[in-house]
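Visitor: final_4.tsv is reproduced below (TSV, C-alpha atoms and all ligand atoms).
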chain	number	residue	atom	x	y	z
A	21	MET	CA	-29.71	19.03	15.75
A	22	ARG	CA	-30.19	19.16	12.00
A	23	ALA	CA	-27.37	17.80	9.87
A	24	LYS	CA	-25.45	20.31	7.83
A	25	THR	CA	-25.63	20.28	4.04
A	26	SER	CA	-21.89	19.56	3.86
A	27	GLU	CA	-22.23	16.51	6.13
A	28	ILE	CA	-25.08	15.06	4.11
A	29	ARG	CA	-23.24	15.59	0.83
A	30	GLN	CA	-20.03	14.08	2.24
A	31	PHE	CA	-22.05	11.04	3.29
A	32	ILE	CA	-23.53	10.70	-0.19
A	33	LEU	CA	-20.12	11.08	-1.85
A	34	ASN	CA	-18.70	8.42	0.47
A	35	MET	CA	-21.45	6.02	-0.49
A	36	CYS	CA	-20.73	6.67	-4.16
A	37	ARG	CA	-17.09	5.59	-3.80
A	38	ASN	CA	-18.17	2.16	-4.97
A	39	LYS	CA	-21.20	2.07	-7.23
A	40	ALA	CA	-24.03	2.34	-4.72
A	41	ARG	CA	-27.76	1.69	-4.93
A	42	ASN	CA	-30.50	3.92	-3.71
A	43	VAL	CA	-28.19	6.47	-2.15
A	44	ALA	CA	-30.92	9.03	-1.39
A	45	ALA	CA	-32.95	6.56	0.68
A	46	GLU	CA	-29.84	5.59	2.62
A	47	ALA	CA	-29.00	9.25	3.33
A	48	ALA	CA	-32.60	9.98	4.31
A	49	ARG	CA	-32.52	7.15	6.85
A	50	HIS	CA	-29.09	8.08	8.20
A	51	PHE	CA	-29.87	11.76	8.79
A	52	ASP	CA	-33.58	11.30	9.50
A	53	ILE	CA	-34.58	13.67	6.69
A	54	SER	CA	-37.20	13.24	3.99
A	55	ARG	CA	-36.47	11.20	0.91
A	56	GLN	CA	-37.17	14.33	-1.18
A	57	ALA	CA	-34.62	16.38	0.75
A	58	ALA	CA	-31.98	13.66	0.36
A	59	GLY	CA	-32.83	13.44	-3.34
A	60	ARG	CA	-32.17	17.16	-3.70
A	61	HIS	CA	-28.69	16.75	-2.19
A	62	LEU	CA	-27.94	13.94	-4.62
A	63	ALA	CA	-29.23	16.05	-7.52
A	64	ALA	CA	-26.96	18.92	-6.45
A	65	LEU	CA	-23.94	16.60	-6.60
A	66	GLU	CA	-25.07	15.34	-10.01
A	67	ASN	CA	-25.44	18.90	-11.27
A	68	ALA	CA	-21.96	19.73	-9.99
A	69	LYS	CA	-20.72	16.77	-12.10
A	70	MET	CA	-19.30	15.03	-9.02
A	71	VAL	CA	-21.69	12.12	-9.18
A	72	ASP	CA	-23.41	10.31	-12.02
A	73	SER	CA	-26.43	8.04	-11.67
A	74	SER	CA	-28.45	5.64	-13.74
A	75	GLY	CA	-31.78	3.90	-13.26
A	76	ARG	CA	-34.79	5.20	-11.35
A	77	GLY	CA	-36.47	4.87	-7.98
A	78	ASN	CA	-35.12	2.14	-5.74
A	79	ALA	CA	-32.99	0.74	-8.57
A	80	LYS	CA	-31.07	3.98	-9.03
A	81	THR	CA	-27.29	3.52	-8.77
A	82	SER	CA	-24.78	6.35	-8.30
A	83	TRP	CA	-21.01	6.64	-8.53
A	84	LEU	CA	-18.27	9.27	-8.42
A	85	ILE	CA	-17.13	10.71	-11.71
A	86	PRO	CA	-13.67	12.13	-12.31
A	87	LEU	CA	-13.43	15.90	-12.03
A	88	ILE	CA	-9.99	15.79	-13.64
A	89	GLU	CA	-8.60	12.96	-15.70
A	90	GLN	CA	-5.31	13.18	-17.56
A	91	SER	CA	-2.74	10.85	-19.13
A	92	TRP	CA	0.88	11.28	-20.16
A	93	LYS	CA	3.57	9.26	-21.87
A	94	PHE	CA	7.27	9.94	-21.29
A	95	SER	CA	10.45	8.47	-22.60
A	96	LEU	CA	12.37	7.11	-19.59
A	97	LEU	CA	15.68	8.16	-21.11
A	98	GLY	CA	16.91	11.20	-19.18
A	99	LEU	CA	13.57	11.62	-17.42
A	100	ARG	CA	13.58	13.44	-14.05
A	101	GLU	CA	10.92	12.62	-11.47
A	102	ASP	CA	11.04	16.08	-9.85
A	103	ILE	CA	10.27	17.76	-13.17
A	104	VAL	CA	7.41	15.37	-13.99
A	105	TRP	CA	6.02	16.13	-10.56
A	106	MET	CA	6.38	19.90	-10.78
A	107	GLU	CA	5.10	20.33	-14.31
A	108	ASN	CA	2.30	17.79	-14.43
A	109	ILE	CA	1.01	16.59	-11.07
A	110	ALA	CA	1.58	19.39	-8.54
A	111	PRO	CA	-0.64	21.90	-10.43
A	112	LEU	CA	-3.58	19.48	-10.39
A	113	ILE	CA	-3.58	19.19	-6.58
A	114	ALA	CA	-2.33	22.63	-5.59
A	115	ASP	CA	-5.50	23.31	-3.59
A	116	LEU	CA	-5.27	20.18	-1.39
A	117	PRO	CA	-4.03	20.33	2.24
A	118	GLU	CA	-0.28	20.45	2.72
A	119	ASN	CA	0.03	17.02	4.39
A	120	VAL	CA	-1.78	15.43	1.44
A	121	ARG	CA	0.38	17.25	-1.13
A	122	ASP	CA	3.51	16.17	0.79
A	123	MET	CA	2.50	12.53	0.67
A	124	TRP	CA	1.80	12.77	-3.06
A	125	HIS	CA	5.11	14.49	-3.65
A	126	TYR	CA	6.96	11.75	-1.78
A	127	GLY	CA	5.10	8.72	-3.16
A	128	PHE	CA	4.84	9.92	-6.75
A	129	THR	CA	8.49	10.90	-7.12
A	130	GLU	CA	9.67	7.67	-5.39
A	131	MET	CA	7.63	5.53	-7.79
A	132	VAL	CA	8.67	7.46	-10.90
A	133	ASN	CA	12.29	7.34	-9.76
A	134	ASN	CA	11.98	3.56	-9.44
A	135	ALA	CA	10.82	3.30	-13.05
A	136	ILE	CA	13.75	5.50	-14.14
A	137	ASP	CA	16.44	3.79	-12.05
A	138	HIS	CA	15.32	0.15	-11.88
A	139	SER	CA	12.90	-0.80	-14.65
A	140	GLU	CA	15.23	-0.83	-17.69
A	141	GLY	CA	12.16	0.06	-19.74
A	142	THR	CA	11.85	2.75	-22.40
A	143	THR	CA	8.47	4.35	-21.76
A	144	LEU	CA	6.52	5.57	-18.74
A	145	ALA	CA	2.74	6.01	-18.86
A	146	ILE	CA	0.95	7.95	-16.13
A	147	HIS	CA	-2.76	8.25	-15.58
A	148	PHE	CA	-4.22	10.78	-13.12
A	149	THR	CA	-7.79	10.82	-11.82
A	150	ARG	CA	-9.24	13.22	-9.30
A	151	THR	CA	-12.76	12.85	-7.91
A	152	ALA	CA	-14.59	14.90	-5.27
A	153	LEU	CA	-13.04	12.64	-2.61
A	154	ASP	CA	-9.66	11.41	-3.70
A	155	VAL	CA	-6.84	11.28	-6.20
A	156	GLY	CA	-5.62	8.11	-7.88
A	157	ILE	CA	-2.51	7.77	-10.04
A	158	TRP	CA	-1.32	4.86	-12.17
A	159	ILE	CA	2.39	4.74	-13.00
A	160	ASN	CA	3.24	2.17	-15.62
A	161	ASP	CA	6.62	1.25	-17.10
A	162	ASP	CA	7.45	-1.28	-19.81
A	163	GLY	CA	10.56	-2.72	-18.18
A	164	GLU	CA	11.59	-6.05	-16.69
A	165	GLY	CA	8.91	-6.15	-14.00
A	166	ILE	CA	9.62	-5.50	-10.33
A	167	PHE	CA	9.09	-8.99	-8.90
A	168	HIS	CA	11.13	-10.71	-11.58
A	169	ARG	CA	13.92	-8.18	-11.23
A	170	ILE	CA	14.05	-8.72	-7.48
A	171	GLN	CA	13.96	-12.49	-7.98
A	172	ARG	CA	16.80	-12.33	-10.52
A	173	LEU	CA	19.10	-9.89	-8.72
A	174	GLY	CA	18.21	-11.14	-5.24
A	175	ASN	CA	18.65	-14.80	-6.20
A	176	LEU	CA	15.22	-15.73	-4.93
A	177	TYR	CA	13.65	-19.07	-5.72
A	178	ASP	CA	10.23	-17.65	-6.50
A	179	PRO	CA	9.19	-14.10	-7.57
A	180	ARG	CA	6.57	-14.18	-4.84
A	181	GLU	CA	9.36	-14.01	-2.28
A	182	ALA	CA	9.98	-10.50	-3.58
A	183	ILE	CA	6.75	-9.39	-1.93
A	184	LEU	CA	7.98	-10.56	1.47
A	185	GLU	CA	11.25	-8.66	0.99
A	186	LEU	CA	9.43	-5.46	-0.02
A	187	ALA	CA	7.14	-5.77	3.00
A	188	LYS	CA	10.14	-6.04	5.36
A	189	GLY	CA	11.65	-2.84	3.96
A	190	LYS	CA	15.30	-1.83	3.41
A	191	PHE	CA	15.37	-4.06	0.38
A	192	THR	CA	17.24	-2.77	-2.65
A	193	THR	CA	18.92	-4.38	-5.63
A	194	ASP	CA	21.22	-1.34	-5.92
A	195	PRO	CA	22.72	-0.70	-2.46
A	196	THR	CA	25.34	1.71	-3.82
A	197	ASN	CA	22.73	4.22	-4.96
A	198	HIS	CA	19.60	3.26	-3.04
A	199	SER	CA	18.37	2.47	0.47
A	200	GLY	CA	15.23	0.37	-0.08
A	201	GLU	CA	12.74	2.68	1.63
A	202	GLY	CA	10.60	3.98	-1.23
A	203	ILE	CA	8.06	1.20	-1.55
A	204	PHE	CA	8.01	0.52	2.19
A	205	PHE	CA	7.01	4.06	3.16
A	206	THR	CA	4.90	4.83	0.09
A	207	SER	CA	2.80	1.69	0.59
A	208	ARG	CA	2.09	2.72	4.17
A	209	ALA	CA	1.39	6.37	3.45
A	210	PHE	CA	-1.39	5.85	0.90
A	211	ASP	CA	-4.97	4.67	1.41
A	212	SER	CA	-4.42	2.19	-1.34
A	213	PHE	CA	-1.15	0.96	-2.81
A	214	VAL	CA	-1.04	-1.68	-5.51
A	215	ILE	CA	1.75	-3.10	-7.64
A	216	MET	CA	0.93	-5.36	-10.57
A	217	SER	CA	3.67	-6.99	-12.56
A	218	ARG	CA	3.47	-10.02	-14.78
A	219	THR	CA	1.08	-12.35	-12.93
A	220	LEU	CA	1.64	-11.03	-9.41
A	221	TYR	CA	-0.43	-8.54	-7.51
A	222	PHE	CA	0.63	-6.83	-4.29
A	223	SER	CA	-1.73	-4.58	-2.39
A	224	HIS	CA	-1.75	-2.63	0.82
A	225	LYS	CA	-4.84	-0.85	2.05
A	226	ALA	CA	-4.69	1.54	4.96
A	227	GLU	CA	-8.09	0.73	6.40
A	228	GLN	CA	-7.51	-3.03	6.58
A	229	ASP	CA	-3.73	-3.27	6.70
A	230	ASP	CA	-3.89	-6.11	4.25
A	231	TRP	CA	-1.45	-7.56	1.77
A	232	LEU	CA	-2.64	-9.83	-1.00
A	233	ILE	CA	-0.89	-12.09	-3.41
A	234	ASP	CA	-3.03	-13.07	-6.34
A	235	ASP	CA	-2.71	-14.49	-9.77
A	236	ASP	CA	-3.96	-11.93	-12.20
A	237	ARG	CA	-3.68	-11.05	-15.86
A	238	ASP	CA	-0.17	-10.99	-17.32
A	239	ILE	CA	0.89	-7.34	-17.00
A	240	PRO	CA	4.09	-6.37	-18.80
A	241	GLY	CA	6.58	-4.21	-16.90
A	242	THR	CA	5.50	-2.71	-13.58
A	243	ARG	CA	2.26	-0.92	-12.81
A	244	VAL	CA	1.90	0.98	-9.54
A	245	PHE	CA	-1.36	2.45	-8.32
A	246	LEU	CA	-1.61	5.05	-5.54
A	247	ARG	CA	-4.82	6.39	-4.04
A	248	LEU	CA	-5.22	8.92	-1.26
A	249	ASP	CA	-8.22	10.71	0.22
A	250	ASN	CA	-8.08	14.46	-0.31
A	251	ASN	CA	-8.81	15.04	3.37
A	252	SER	CA	-6.48	12.37	4.76
A	253	GLN	CA	-5.25	13.23	8.25
A	254	ARG	CA	-2.03	11.23	7.83
A	255	THR	CA	1.33	12.99	7.51
A	256	MET	CA	4.67	11.71	6.24
A	257	ASN	CA	6.05	12.29	9.73
A	258	SER	CA	3.39	10.14	11.36
A	259	ILE	CA	4.34	7.33	8.95
A	260	TYR	CA	8.09	7.68	9.59
A	261	SER	CA	7.65	7.79	13.35
A	262	GLN	CA	5.91	4.39	13.36
A	263	PHE	CA	9.15	2.85	12.12
A	264	THR	CA	11.73	4.71	14.14
A	265	GLU	CA	12.68	4.31	17.79
A	266	PRO	CA	11.61	7.22	20.00
A	267	ASP	CA	14.26	9.99	19.91
A	268	GLU	CA	15.95	8.50	16.86
A	269	PHE	CA	15.38	9.40	13.27
A	270	THR	CA	16.53	6.33	11.41
A	271	PHE	CA	14.41	3.58	9.90
A	272	SER	CA	15.08	0.94	12.56
A	273	LYS	CA	11.78	-0.81	13.12
A	274	THR	CA	9.61	-2.87	10.80
A	275	VAL	CA	6.35	-4.80	10.91
A	276	VAL	CA	6.40	-8.00	8.89
A	277	PRO	CA	3.21	-9.83	7.88
A	278	VAL	CA	4.30	-13.42	8.62
A	279	ARG	CA	1.68	-14.88	6.29
A	280	LEU	CA	3.71	-13.58	3.33
A	281	ALA	CA	6.28	-16.30	4.07
A	282	ARG	CA	3.64	-18.83	3.08
A	283	HIS	CA	2.76	-19.71	-0.51
A	284	ASN	CA	-0.36	-21.46	-1.77
A	285	GLY	CA	-1.78	-21.81	1.73
A	286	GLU	CA	1.03	-24.16	2.83
A	287	LYS	CA	1.67	-24.42	6.58
A	288	LEU	CA	4.63	-22.63	8.18
A	289	VAL	CA	6.59	-25.56	9.52
A	290	SER	CA	10.11	-25.69	8.13
A	291	ARG	CA	13.42	-24.11	9.07
A	292	SER	CA	13.92	-22.91	5.51
A	293	GLN	CA	10.62	-21.00	5.59
A	294	ALA	CA	11.75	-19.41	8.85
A	295	LYS	CA	15.15	-18.50	7.39
A	296	ARG	CA	13.42	-16.80	4.47
A	297	LEU	CA	11.35	-14.84	6.97
A	298	VAL	CA	14.25	-13.71	9.21
A	299	SER	CA	16.70	-12.89	6.43
A	300	ARG	CA	17.83	-9.25	6.74
A	301	PHE	CA	16.12	-8.86	10.17
A	302	GLU	CA	19.56	-7.85	11.48
A	303	LYS	CA	19.17	-4.55	9.59
A	304	PHE	CA	16.55	-3.55	12.18
A	305	LYS	CA	16.58	-2.97	15.93
A	306	THR	CA	12.97	-4.03	16.32
A	307	VAL	CA	10.99	-6.47	14.20
A	308	VAL	CA	7.29	-6.82	14.91
A	309	LEU	CA	6.06	-10.17	13.59
A	310	ASP	CA	2.42	-9.81	12.63
A	311	PHE	CA	0.87	-13.28	12.77
A	312	SER	CA	-2.60	-12.27	11.58
A	313	GLY	CA	-3.97	-14.84	9.17
A	314	VAL	CA	-1.58	-17.48	10.50
A	315	GLU	CA	-3.48	-19.95	12.69
A	316	GLU	CA	-0.60	-22.26	13.55
A	317	ILE	CA	3.14	-22.69	13.08
A	318	GLY	CA	5.37	-25.73	13.38
A	319	GLN	CA	7.95	-26.36	16.08
A	320	ALA	CA	11.00	-26.15	13.76
A	321	PHE	CA	9.71	-22.90	12.25
A	322	ALA	CA	9.24	-21.32	15.71
A	323	ASP	CA	12.57	-22.67	16.97
A	324	GLU	CA	14.50	-21.25	14.01
A	325	ILE	CA	13.10	-17.75	14.64
A	326	PHE	CA	12.73	-17.43	18.41
A	327	ARG	CA	15.70	-19.53	19.54
A	328	VAL	CA	18.28	-19.90	16.73
A	329	PHE	CA	17.96	-16.44	15.15
A	330	ALA	CA	17.17	-14.66	18.42
A	331	SER	CA	20.15	-16.08	20.33
A	332	SER	CA	22.61	-15.25	17.55
A	333	HIS	CA	21.12	-11.72	17.12
A	334	THR	CA	20.51	-10.49	20.64
A	335	GLU	CA	20.61	-6.88	19.37
A	336	VAL	CA	17.39	-7.45	17.38
A	337	GLU	CA	14.20	-7.36	19.39
A	338	LEU	CA	11.48	-9.70	18.06
A	339	ILE	CA	7.91	-8.78	19.03
A	340	PRO	CA	5.06	-11.14	18.06
A	341	MET	CA	1.67	-9.53	17.39
A	342	HIS	CA	-1.82	-10.97	16.70
A	343	ALA	CA	-0.61	-14.46	17.59
A	344	SER	CA	-3.26	-17.15	18.08
A	345	THR	CA	-3.11	-19.34	21.19
A	346	GLU	CA	-1.51	-22.14	19.15
A	347	VAL	CA	1.13	-19.79	17.76
A	348	GLN	CA	1.81	-18.35	21.22
A	349	GLN	CA	2.33	-21.84	22.64
A	350	MET	CA	4.91	-22.63	19.96
A	351	ILE	CA	6.75	-19.38	20.66
A	352	VAL	CA	6.77	-20.06	24.41
A	353	ARG	CA	8.18	-23.55	23.78
A	354	ALA	CA	11.00	-22.17	21.61
A	355	LEU	CA	11.82	-19.55	24.24
A	356	ALA	CA	11.83	-22.17	27.02
A	357	VAL	CA	14.52	-24.20	25.26
A	358	ARG	CA	16.65	-21.07	25.15
B	1	LIG	N1	9.60	-0.05	-11.70
B	1	LIG	C1	10.44	-1.01	-11.28
B	1	LIG	N2	10.93	-1.94	-12.14
B	1	LIG	C2	11.76	-2.91	-11.73
B	1	LIG	N3	12.19	-3.04	-10.44
B	1	LIG	C3	11.73	-2.16	-9.54
B	1	LIG	C4	10.84	-1.10	-9.89
B	1	LIG	N4	10.56	-0.39	-8.78
B	1	LIG	C5	11.24	-0.96	-7.77
B	1	LIG	N5	11.95	-2.03	-8.21
B	1	LIG	C6	12.77	-2.94	-7.39
B	1	LIG	O1	12.31	-2.83	-6.05
B	1	LIG	C7	13.39	-2.47	-5.19
B	1	LIG	C8	12.88	-1.63	-4.03
B	1	LIG	O2	12.41	-0.37	-4.45
B	1	LIG	P1	12.39	0.83	-3.40
B	1	LIG	O3	11.63	0.39	-2.20
B	1	LIG	O4	11.93	2.06	-4.07
B	1	LIG	O5	13.91	0.95	-2.96
B	1	LIG	P2	15.16	1.54	-3.76
B	1	LIG	O6	14.67	2.30	-4.93
B	1	LIG	O7	15.83	2.41	-2.73
B	1	LIG	O8	15.99	0.35	-4.16
B	1	LIG	C9	14.40	-1.80	-6.09
B	1	LIG	O9	15.71	-1.90	-5.57
B	1	LIG	C10	14.24	-2.57	-7.39
B	1	LIG	O10	14.94	-3.79	-7.35
B	2	MG	MG	13.10	3.61	-4.92
Show this structure as structure tokens.
Guide:
Amino acid sequence: MRAKTSEIRQFILNMCRNKARNVAAEAARHFDISRQAAGRHLAALENAKMVDSSGRGNAKTSWLIPLIEQSWKFSLLGLREDIVWMENIAPLIADLPENVRDMWHYGFTEMVNNAIDHSEGTTLAIHFTRTALDVGIWINDDGEGIFHRIQRLGNLYDPREAILELAKGKFTTDPTNHSGEGIFFTSRAFDSFVIMSRTLYFSHKAEQDDWLIDDDRDIPGTRVFLRLDNNSQRTMNSIYSQFTEPDEFTFSKTVVPVRLARHNGEKLVSRSQAKRLVSRFEKFKTVVLDFSGVEEIGQAFADEIFRVFASSHTEVELIPMHASTEVQQMIVRALAVR
């Protein structure tokens, strides 16, 4: 069967997500069409100003160009996230599917509300980009910086521990007015979620389920980046339901990447590392411990989690996931002592 025009063009657009070389040849091979035919599809996307290219022949590179690009600056004093949403962002995505608009509404207003309520900055800068495939938004405040604020108000030893707390969820420095769900659910709803603040970088990508901690440039305040495909099949409900028990509607389950308890590639061996990991686990009914990226753990570390914490918190169910054979053996040993 011959491929439809829309399929071929979608394929080309997908390739152009990251600057790609020789896109027409790739499309020709994939769909078993002539190089000329593929070239005409690429030219159509160039003419529609969705794609730009440079170079010729086999050295031609192509990339997506923004269809809409817009920036704003707001004073944070008295700012309201629902009004910023309604007046500025909603009109630019009014034609997207409802589930996608719902996720933007949720994530955008949560992140702007954070800048208003937590940053203690004066100015908010927002940058919006829409391509043929996706929408990306930067939200940038000039406040204290999220990781340093969490370190200061949460009495953490190192600002990097803030990333572990955010990944667990239900973390807030203002429990009277907040519940600590915004970053947890927003990071999981979007295809790409990045926070940069000072020299720390926190990223979650849907397709690889990966969190990174990196040294980067020194970024003042807090900068959040959200990206979502315009045809994403995800819904806010499907995200919520991953973290609630069946038949309940409260946030009672979390998935914690264990490797975030580790700094600078150190091994997970000590009781204090384990205590940092299990702190606030009692706020959940179920905690899935994701061991990916952790090849081995020490006996004291395993004992502190699976015997000491587990026996004093029988109401919390601990479920290890992606555990290597070495890690599994340590867990079994800790359980046996119990
Ligand atoms: N822009 C920001 N500037 C400084 N701190 C922030 C910012 N955004 C979030 N935070 C910190 O991260 C915590 C978690 O944010 P979030 O997940 O949205 O939960 P909540 O807003 O309910 O506290 C906040 O309590 C606050 O300490
Ligand atoms: Mg919030």
Visitor: Of the candidates A:Val71, A:Leu186, A:Ala40, A:Ala114, which one gets nearest to ligand LIG 1 (chain B) if we count all atoms listed in the file?
Guide: A:Leu186
Visitor: Tell me which protein, DNA and RNA residues are within 9 Å of A:Trp124, counting all atoms listed in the file, leaving out same-chain ones fewer than 4 positions away, and put them as a PDB file with C-alpha atoms, in the frame of the given file.
Guide:
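out17.pdb written:
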ATOM      1  CA  ILE A 109       1.010  16.590 -11.070  1.00  0.00           C
ATOM      2  CA  ALA A 110       1.580  19.390  -8.540  1.00  0.00           C
ATOM      3  CA  ASN A 119       0.030  17.020   4.390  1.00  0.00           C
ATOM      4  CA  VAL A 120      -1.780  15.430   1.440  1.00  0.00           C
ATOM      5  CA  PHE A 128       4.840   9.920  -6.750  1.00  0.00           C
ATOM      6  CA  THR A 129       8.490  10.900  -7.120  1.00  0.00           C
ATOM      7  CA  PHE A 210      -1.390   5.850   0.900  1.00  0.00           C
ATOM      8  CA  LEU A 246      -1.610   5.050  -5.540  1.00  0.00           C
ATOM      9  CA  LEU A 248      -5.220   8.920  -1.260  1.00  0.00           C
TER      10      LEU A 248
END
Visitor: Nearest to A:Ala57 among A:Ile113, A:Ala23, A:Leu297, A:Met70, with distances taken over only C-alpha atoms: which residue is it?
Guide: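 Between A:Ile113, A:Ala23, A:Leu297, A:Met70, the residue approaching A:Ala57 most closely is A:Ala23.
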Visitor: Residues at most 6 Å from ligand LIG 1 (chain B), using all atoms listed in the file? Could they come as a list of chain:residue names?
Guide: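 So, counting all atoms listed in the file, the residues near ligand LIG 1 (chain B) are A:Asn134, A:Ala135, A:His138, A:Ser139, A:Glu164, A:Gly165, A:Ile166, A:Arg169, A:Ile170, A:Phe191, A:Thr192, A:Thr193, A:Asp194, A:His198, A:Ser199, A:Gly200, A:Glu201, A:Gly202, A:Ile203, A:Phe204, A:Thr242.
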Visitor: What separation in Å, quoted to one decimal, exists between atom CA of A:Met256 and atom CA of A:Gly127?
Guide: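 Those two atoms sit 9.9 Å apart.
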Visitor: Need the shell around A:Glu66: protein/DNA/RNA residues with any atom at most 12 Å away, counting only C-alpha atoms. Skip same-chain ones fewer than 6 positions apart. Format as a PyMOL selection string?
Guide: chain A and resi 29+32-33+36+59-60+72-74+82-85+87+152
Visitor: Write out as an NGL selection string each polymer residue whose atoms come within 12 Å of A:Leu112, counting only C-alpha atoms; drop sequence neighbours fewer than 2 positions from it.
Guide: :A and (87-90 or 105-110 or 114-116 or 121 or 124 or 148-151 or 155-157)
Visitor: Find, counting all atoms listed in the file, the residue in A:Ser207, A:Arg353, A:Phe311, A:Phe245 that gets nearest to A:Ile146.
Guide: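 Answer, going by the shortest atom-to-atom distance: A:Phe245.
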Visitor: Using all atoms listed in the file, which of A:Tyr126, A:Ala44, A:Asn175, A:Asp323 sits nearest A:Ile259?
Guide: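 Checking each of A:Tyr126, A:Ala44, A:Asn175, A:Asp323 against A:Ile259, counting all atoms listed in the file, the winner is A:Tyr126.
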Visitor: Near A:His50, counting all atoms listed in the file, which residues have an atom at most 12 Å away, once you skip same-chain residues fewer than 4 positions from it, shown as a ChimeraX atom specification?
Guide: /A:22-23,27-28,31-32,35,43-46,54-55,58
Visitor: List as number ranges by chain the protein and nucleic acid residues near A:Glu324, meaning an atom at most 8 Å away when all atoms listed in the file are counted, but skip any in the same chain fewer than 4 places from it.
Guide: A: 291, 294-295, 320, 328-329
Visitor: Could the residues in this selection be saved with C-alpha atoms as a JSON list (two decimals), keeping the file's coordinate frame?
Guide:
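Written file, selection01.json:
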[["chain", "number", "residue", "atom", "x", "y", "z"],
["A", 291, "ARG", "CA", 13.42, -24.11, 9.07],
["A", 294, "ALA", "CA", 11.75, -19.41, 8.85],
["A", 295, "LYS", "CA", 15.15, -18.50, 7.39],
["A", 320, "ALA", "CA", 11.00, -26.15, 13.76],
["A", 328, "VAL", "CA", 18.28, -19.90, 16.73],
["A", 329, "PHE", "CA", 17.96, -16.44, 15.15]]
Visitor: Atom CA of A:Thr264 and atom CA of A:Gly174, how far apart in Å?
Guide: 25.9 Å
Visitor: Suppose you want the space between atom CA of A:Ser272 and atom CA of A:Leu184; what is it in Å?
Guide: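 Going from atom CA of A:Ser272 over to atom CA of A:Leu184, I get 17.5 Å.
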Visitor: Restricting the calculation to all atoms listed in the file, which member of A:Asn38, A:Thr274, A:Gln171, A:Asn78 is positioned closest to A:Lys188?
Guide: A:Thr274
Visitor: For A:Arg247, which residue among A:Tyr221, A:Phe321, A:Phe213, A:Phe304 is the nearest when counting all atoms listed in the file?
Guide: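 Checking each of A:Tyr221, A:Phe321, A:Phe213, A:Phe304 against A:Arg247, counting all atoms listed in the file, the winner is A:Phe213.
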